[in-house]
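A short worksheet on the structure shown next.
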Amino acid sequence: MVPVITRFAPSPTGYMHLGHAFAALFAWTAARESGGRFMLRIEDIDPSRCRPEFETAIYRDLEWLGIDWDGPVRRQSDGMDDYGDAIRELEKIGLAYPCFCTRSDIRAEIKQAGHAPHGPDGIVYPGTCRGVTDVDRRLRIARGEGHAIRIDMAKAVSFTGPLVWYDRAKGFVDADPLSAGDVVLARKDVPTSYHLASVLDDHLQGVTLVTRGNDLFHATHVHRALQALLHLRVPEYHHHALITDANGIRLAKRNRAMTLRSLRQAGKSPAEVRAMVGFD
Ligand code: GLU
């Protein structure tokens, strides 16, 4: 078996629930069974939703479950320089542009166009700011107008040509980054985005096998394009099913009874909780 480097990348926006336990054990087991490494990453780019006590609870819950990790923990809030460098690289080759739209601008544009193109991640950005001239961009930025940075995905795809990734559950998958449109690389309020930070960090942490839930399968189309454009290592993927309760309902963070913390307080042992998500 080839040793793999996997990771668990929770966002500290709430207490870990059984779904997190499953995802962490899935990645940890894949690493340990292969004699590889297991990395931990805290995806805390959103200061309005992330809280230090949730980060502390993540460490506590993982240790309690018997999950150890290798190397230093990567906190995305410490990685802004890396993300900024990557954005500049994409800007230099003309693939990133400032987007001044507000949510209501986007809604209005879509209404006017009479149809709302949908991608797997919701409404696809209609491209309003792609056509803003360079002079106007500079003027608006100089005036202090808030802006996100988006990728010009059609142009990006013309640079990369066809792309493929290997998924342990699905085999070879043709990447279709255009399905997501011009996704955000840096938000108005935060100088990065989930897509950019996740892809760069997987590279920087040496990850060779990305395991995560099927709910993020669509994101891999975008990630594969960013890897090609930024010359990053291409990991294998294993998108797994999400665990559900007895009624088939997905375990959500708001299902408080199912947080690891509350299960621990109710007297469950780590072995019992591991068994609840199929790792016994
Ligand atoms: N931070 C994401 C989450 O908690 C995981 C992202 C990933 O695995 O790529 O859902």
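Identifiers in the structure tokens: chain A, B, ... in order shown; residue index from 1 per chain; ligand index from 1 in order shown.
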Residues within 9 Å of ligand 1, counting only C-alpha atoms and all ligand atoms, as a list in words: Arg7, Phe8, Ala9, Pro10, Ser11, Pro12, Thr13, His20, Ala23, Arg41, Ile42, Glu43, Asp44, Tyr194, His195, Ser198, Val199, Asp202, Val210, Thr211, Arg212, Gly213, Asp215, Leu216, Ala219 and Thr220 of chain A
Long-range neighbours of Tyr59 (chain A) as a PyMOL selection string, 12 Å cut-off, only C-alpha atoms, 6 positions minimum in chain: chain A and resi 8-10+12+15-16+24+40-42+52-53+65-69+73+260-261
Pick from A:His218, A:His147, A:His231, A:His203, whichever lies nearest to Val190 (chain A) using only C-alpha atoms: A:His147
Filtered DSSP result for region 25-78 of chain A, state alpha helix (DSSP H), as number ranges by chain: A: 25-33, 52-65
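Residues with any atom within 7 Å of Val183 (chain A), counting only C-alpha atoms and excluding same-chain neighbours fewer than 2 positions away, are Arg150, Ile151, Ala180, Gly181 and Leu185 of chain A.
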Let me see the file: selected residues, C-alpha atoms, as an mmCIF file, in the first residue's frame.
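Here's the written file selection_24.cif:
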data_model
loop_
_atom_site.group_PDB
_atom_site.id
_atom_site.type_symbol
_atom_site.label_atom_id
_atom_site.label_comp_id
_atom_site.auth_asym_id
_atom_site.auth_seq_id
_atom_site.Cartn_x
_atom_site.Cartn_y
_atom_site.Cartn_z
ATOM 1 C CA ARG A 150 -13.035 36.520 -9.333
ATOM 2 C CA ILE A 151 -11.421 34.126 -11.760
ATOM 3 C CA ALA A 180 -19.088 26.839 -11.437
ATOM 4 C CA GLY A 181 -18.462 29.995 -13.475
ATOM 5 C CA LEU A 185 -10.880 33.900 -5.246
#
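Each of A:Phe38, A:Phe159, A:Phe217, A:Trp28 was checked against Val173 (chain A) using only C-alpha atoms; the smallest atom-to-atom distance is that of A:Phe217.
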Test item: residues at most 12 Å from Thr192 (chain A), only C-alpha atoms, excluding those fewer than 6 positions along its chain, as a JSON list (two decimals) with C-alpha atoms, in the first residue's frame:
[["chain", "number", "residue", "atom", "x", "y", "z"],
["A", 43, "GLU", "CA", -10.35, 26.64, 8.01],
["A", 44, "ASP", "CA", -10.90, 29.89, 9.86],
["A", 45, "ILE", "CA", -10.95, 32.51, 7.10],
["A", 46, "ASP", "CA", -14.33, 33.90, 8.11],
["A", 76, "GLN", "CA", -5.81, 29.54, 7.33],
["A", 77, "SER", "CA", -6.00, 32.90, 9.08],
["A", 78, "ASP", "CA", -2.17, 32.71, 9.22],
["A", 79, "GLY", "CA", -1.87, 31.95, 5.50],
["A", 80, "MET", "CA", -3.12, 35.20, 3.94],
["A", 81, "ASP", "CA", 0.29, 36.05, 2.42],
["A", 82, "ASP", "CA", 0.34, 32.74, 0.55],
["A", 83, "TYR", "CA", -3.16, 33.32, -0.78],
["A", 84, "GLY", "CA", -2.28, 36.90, -1.79],
["A", 85, "ASP", "CA", 0.77, 35.66, -3.75],
["A", 86, "ALA", "CA", -1.39, 33.16, -5.63],
["A", 87, "ILE", "CA", -3.95, 35.82, -6.55],
["A", 88, "ARG", "CA", -1.21, 38.10, -7.85],
["A", 148, "ALA", "CA", -14.04, 40.76, -4.52],
["A", 149, "ILE", "CA", -11.60, 39.06, -6.89],
["A", 150, "ARG", "CA", -13.04, 36.52, -9.33],
["A", 183, "VAL", "CA", -15.95, 31.83, -8.68],
["A", 184, "VAL", "CA", -14.60, 34.16, -6.02],
["A", 185, "LEU", "CA", -10.88, 33.90, -5.25],
["A", 186, "ALA", "CA", -10.89, 36.64, -2.62],
["A", 198, "SER", "CA", -8.16, 24.87, 0.30],
["A", 199, "VAL", "CA", -6.24, 24.12, -2.89],
["A", 200, "LEU", "CA", -3.11, 25.97, -1.83],
["A", 201, "ASP", "CA", -3.11, 24.46, 1.63]]
DSSP strand (DSSP E or B) selection over region 2-169 of chain A, as JSON, numbers by chain: {"A": [5, 6, 7, 8, 17, 37, 38, 39, 40, 41, 42, 74, 75, 96, 97, 98, 99, 118, 119, 122, 123, 148, 149, 150, 151, 164, 165, 166, 167]}
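With only C-alpha atoms as the atoms that count, the residue of A:Asp189, A:Arg74, A:Thr128, A:Val2 with the shortest distance to Gln112 (chain A) is A:Thr128.
Non-sequential neighbours of region 161-167 of chain A (distance at most 9 Å, separation of 6 or more positions within a chain, only C-alpha atoms) are Val173, Asp174, Ala175, Asp176, Thr220, His221, Arg224, Ala225, Ala228, Val234, Pro235, Glu236, Tyr237, His238 and His239 of chain A.
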Atom pair CA of Cys99 (chain A) / CA of Cys129 (chain A): separation (Å): 5.3 Å
Between CA of Pro126 (chain A) and CA of Val157 (chain A) - distance in Å to one decimal: 17.1 Å
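In this structure, CA of Thr244 (chain A) sits 25.8 Å away from CA of Thr56 (chain A).
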Spatial neighbours of Ala275 (chain A), 12 Å, only C-alpha atoms, chain gap at least 2 places, as a ChimeraX atom specification: /A:18,21-22,25,65,268-273,277-280
Convert the current residue selection to file output with N, CA and C atoms, as a compact mmCIF listing (two decimals), in the first residue's frame.
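Written out: out34.txt:
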# COMPACT_ATOMS: atom_id res chain seq x y z
N LEU A 18 -21.27 14.32 14.78
CA LEU A 18 -20.92 12.97 14.32
C LEU A 18 -20.42 12.95 12.88
N ALA A 21 -16.87 13.65 13.01
CA ALA A 21 -16.13 12.50 13.54
C ALA A 21 -15.89 11.49 12.42
N PHE A 22 -16.93 11.26 11.61
CA PHE A 22 -16.79 10.32 10.50
C PHE A 22 -15.71 10.81 9.52
N LEU A 25 -12.22 10.50 11.09
CA LEU A 25 -11.78 9.10 11.19
C LEU A 25 -11.49 8.49 9.82
N LEU A 65 -11.30 11.38 20.70
CA LEU A 65 -11.63 10.27 19.78
C LEU A 65 -10.45 9.34 19.53
N LYS A 268 -21.00 8.84 26.88
CA LYS A 268 -20.53 7.93 25.83
C LYS A 268 -19.00 7.85 25.87
N SER A 269 -18.48 6.70 25.52
CA SER A 269 -17.03 6.55 25.47
C SER A 269 -16.57 6.83 24.04
N PRO A 270 -15.26 7.13 23.86
CA PRO A 270 -14.76 7.34 22.50
C PRO A 270 -15.05 6.13 21.60
N ALA A 271 -14.88 4.93 22.15
CA ALA A 271 -15.11 3.73 21.33
C ALA A 271 -16.58 3.65 20.89
N GLU A 272 -17.49 4.03 21.78
CA GLU A 272 -18.92 4.01 21.42
C GLU A 272 -19.21 5.01 20.30
N VAL A 273 -18.60 6.18 20.41
CA VAL A 273 -18.85 7.21 19.39
C VAL A 273 -18.22 6.79 18.06
N VAL A 277 -20.32 5.85 14.14
CA VAL A 277 -20.10 6.28 12.75
C VAL A 277 -19.37 5.19 11.94
N GLY A 278 -19.40 3.98 12.48
CA GLY A 278 -18.92 2.85 11.68
C GLY A 278 -17.43 2.53 11.79
N PHE A 279 -16.76 3.12 12.78
CA PHE A 279 -15.33 2.79 12.98
C PHE A 279 -15.17 2.06 14.30
N ASP A 280 -15.33 0.72 14.29
CA ASP A 280 -15.12 0.03 15.56
C ASP A 280 -14.05 -1.05 15.41
